[in-house]
Structures are given as C-alpha cells and as structure tokens.
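Here the structure is laid out as structure tokens; the discussion comes afterwards.
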Amino acid sequence: QVQLVESGGGLVRPGESLKLSCATSGFDFSLYYMSWFRQGPGKEREFIAHINPRGDYTNYSDSVKGRFTISRDNAKDTSDLQMNSLKSEDTGVYYCKVEIYGSEYWGQGTQVTVSS
C-alpha cells in the first residue's frame, strides 16, 4: 500500500535551516507530483510546494518562496524540503502528499518548531 513517512523535523532558532525528507513506498514514485503542506498551531493546513515527476518544475507558496526548496530523487523514491532562513511563523507540522488517480495519500507529519 501507499506509504509516506516524513522525517527531519525539530527545534531550531529563527534564521537557521532544516531539511525534511519524505520516504515513500507502494507506488511508482517517478510518475507523480509530490507536494508538501504544513499546519501551524490553530491554523488550517496550507500548501507549501510541489514538484513535477521529472523534478524540473516546482511551485511554492508566497510565504516560503525564496527560502524553501523542494527536490526529489526518483532513484530513492524520496522528496526533500530544504528550509532556510526559518521564521517563527514557519512553526507547524509538515506533511508530504501524493495524489494518485484522485486519491490523496499523506504522511503522518513531522513537527518543526522555530523559536528563540
């Protein structure tokens, strides 16, 4: 079955960096867009970034553009989210997602806390 597992979250100070990873299994990773979302405290889940199957097209929310970079490794079936210049408002649970034939699959999430 489709499985997504995020890792790499933690506690960092404002201005620092963190790299999240999403390990996947159970589907042909190289055929699908991969997306990252986050949900801050008391907020709705929001789109952060996505990347096309070949990895040559990416799109970001305005809130992270220029600071975050999404990537993928089709040989390892993984997607990464490099987060630089982190701000307190980046705090939340980060999720990766894949949509396959109209069905959405999510990981369990990884907590990112940005605090001094």
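FYI, nothing fancy with the structure tokens labels: chains A, B, ... in order, residues from 1 per chain, ligands from 1 as they appear.
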Can you list every residue in chain A that DSSP puts in strand (DSSP E), as JSON, numbers by chain? {"A": [3, 4, 5, 6, 7, 10, 11, 12, 18, 19, 20, 21, 22, 23, 24, 25, 34, 35, 36, 37, 38, 39, 46, 47, 48, 49, 50, 51, 58, 59, 60, 68, 69, 70, 71, 72, 73, 78, 79, 80, 81, 82, 83, 92, 93, 94, 95, 96, 97, 98, 99, 100, 103, 104, 105, 106, 110, 111, 112, 113, 114]}
Rows by chain and residue number, range 57-110 of chain A within 10 Å of range 1-8 of chain A, shortest pair, only C-alpha atoms, as CSV:
residue,atom,partner,partner_atom,distance
A:Asp77,CA,A:Leu4,CA,10.0
A:Thr78,CA,A:Leu4,CA,9.1
A:Ser79,CA,A:Glu6,CA,9.3
A:Asp80,CA,A:Glu6,CA,9.2
A:Leu81,CA,A:Gly8,CA,9.5
A:Tyr94,CA,A:Glu6,CA,7.9
A:Tyr95,CA,A:Glu6,CA,6.8
A:Cys96,CA,A:Glu6,CA,6.9
A:Lys97,CA,A:Leu4,CA,7.6
A:Val98,CA,A:Leu4,CA,8.5
A:Ile100,CA,A:Val2,CA,9.6
A:Glu104,CA,A:Val2,CA,10.0
A:Tyr105,CA,A:Val2,CA,7.2
A:Trp106,CA,A:Leu4,CA,6.3
A:Gly107,CA,A:Leu4,CA,4.5
A:Gln108,CA,A:Val5,CA,6.5
A:Gly109,CA,A:Glu6,CA,5.8
A:Thr110,CA,A:Glu6,CA,5.8
Apply DSSP to the backbone of this structure and, from chain A, keep only the residues in helix (DSSP H, G or I); write these as an NGL selection string. :A and (29-31 or 88-90)
List the spatial neighbours of Ser63 in chain A as a list of chain:residue names - criterion: any atom at most 12 Å away, only C-alpha atoms, same-chain residues fewer than 2 positions off excluded. A:Phe37, A:Arg38, A:Glu46, A:Phe47, A:Ile48, A:Ala49, A:Asn59, A:Tyr60, A:Ser61, A:Lys65, A:Gly66, A:Arg67, A:Phe68, A:Met83, A:Ser85, A:Leu86, A:Lys87, A:Glu89, A:Asp90
For Asn52 in chain A, the nearest of the candidates A:Leu31, A:Leu20, A:Val12, A:Val64, counting only C-alpha atoms: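 Checking each candidate against Asn52 in chain A, we get A:Leu31 as the closest.
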Write out as an mmCIF file with all heavy atoms, in the first residue's frame the residues lying within 12 Å of Tyr101 in chain A, counting only C-alpha atoms and excluding same-chain residues fewer than 5 positions away.
data_model
loop_
_atom_site.group_PDB
_atom_site.id
_atom_site.type_symbol
_atom_site.label_atom_id
_atom_site.label_comp_id
_atom_site.auth_asym_id
_atom_site.auth_seq_id
_atom_site.Cartn_x
_atom_site.Cartn_y
_atom_site.Cartn_z
ATOM 1 N N PHE A 27 4.018 2.750 -4.541
ATOM 2 C CA PHE A 27 3.530 3.291 -5.808
ATOM 3 C C PHE A 27 4.745 3.667 -6.653
ATOM 4 O O PHE A 27 5.882 3.728 -6.160
ATOM 5 C CB PHE A 27 2.617 4.496 -5.593
ATOM 6 C CG PHE A 27 3.279 5.699 -4.969
ATOM 7 C CD1 PHE A 27 3.652 6.790 -5.742
ATOM 8 C CD2 PHE A 27 3.529 5.752 -3.597
ATOM 9 C CE1 PHE A 27 4.249 7.908 -5.174
ATOM 10 C CE2 PHE A 27 4.133 6.851 -3.016
ATOM 11 C CZ PHE A 27 4.500 7.936 -3.806
ATOM 12 N N LEU A 31 6.200 8.769 -11.311
ATOM 13 C CA LEU A 31 5.091 9.168 -12.181
ATOM 14 C C LEU A 31 4.250 10.314 -11.616
ATOM 15 O O LEU A 31 3.401 10.857 -12.329
ATOM 16 C CB LEU A 31 4.161 7.977 -12.422
ATOM 17 C CG LEU A 31 4.744 6.791 -13.163
ATOM 18 C CD1 LEU A 31 3.677 5.713 -13.356
ATOM 19 C CD2 LEU A 31 5.331 7.207 -14.512
ATOM 20 N N TYR A 32 4.471 10.692 -10.347
ATOM 21 C CA TYR A 32 3.528 11.598 -9.688
ATOM 22 C C TYR A 32 4.189 12.842 -9.105
ATOM 23 O O TYR A 32 5.331 12.809 -8.648
ATOM 24 C CB TYR A 32 2.803 10.860 -8.558
ATOM 25 C CG TYR A 32 2.016 9.684 -9.062
ATOM 26 C CD1 TYR A 32 2.549 8.395 -9.013
ATOM 27 C CD2 TYR A 32 0.759 9.856 -9.629
ATOM 28 C CE1 TYR A 32 1.844 7.316 -9.509
ATOM 29 C CE2 TYR A 32 0.044 8.773 -10.117
ATOM 30 C CZ TYR A 32 0.591 7.518 -10.060
ATOM 31 O OH TYR A 32 -0.108 6.452 -10.557
ATOM 32 N N TYR A 33 3.404 13.931 -9.134
ATOM 33 C CA TYR A 33 3.782 15.122 -8.401
ATOM 34 C C TYR A 33 3.900 14.778 -6.913
ATOM 35 O O TYR A 33 3.143 13.962 -6.395
ATOM 36 C CB TYR A 33 2.718 16.210 -8.541
ATOM 37 C CG TYR A 33 2.847 17.109 -9.733
ATOM 38 C CD1 TYR A 33 2.508 16.664 -11.004
ATOM 39 C CD2 TYR A 33 3.268 18.429 -9.583
ATOM 40 C CE1 TYR A 33 2.614 17.508 -12.099
ATOM 41 C CE2 TYR A 33 3.373 19.282 -10.675
ATOM 42 C CZ TYR A 33 3.043 18.819 -11.928
ATOM 43 O OH TYR A 33 3.140 19.668 -12.998
#
For Asp56 in chain A, the nearest of the candidates A:Ala75, A:Leu18, A:Ile70, A:Leu11, counting only C-alpha atoms: A:Ile70
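Residue nearest Gly15 in chain A, chosen from A:Thr113, A:Thr91, A:Ser103, A:Asn84 and counting only C-alpha atoms: A:Asn84.
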Please indicate the distance in Å from CA of Gly10 in chain A to CA of Pro53 in chain A, rounded to one decimal place.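 Distance between the two atoms: 28.0 Å.
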With only C-alpha atoms as the basis for distance, which of A:Val114, A:Ile51, A:Met34, A:Val93 is at the shortest distance from Ser17 in chain A?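 With only C-alpha atoms as the atom set, the closest residue is A:Val114.
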Report, in Å to a single decimal, how far apart CA of Lys19 in chain A and CA of Tyr57 in chain A are.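 Taking CA of Tyr57 in chain A and CA of Lys19 in chain A, their separation equals 19.6 Å.
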Interatomic distance between CA of Phe29 in chain A and CA of Arg54 in chain A?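 Here the two named atoms are 10.3 Å from each other.
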Close residues, Gln39 in chain A itself excluded, 6 Å, only C-alpha atoms, min 4 positions apart in chain, as a ChimeraX atom specification: /A:44-45,92-93
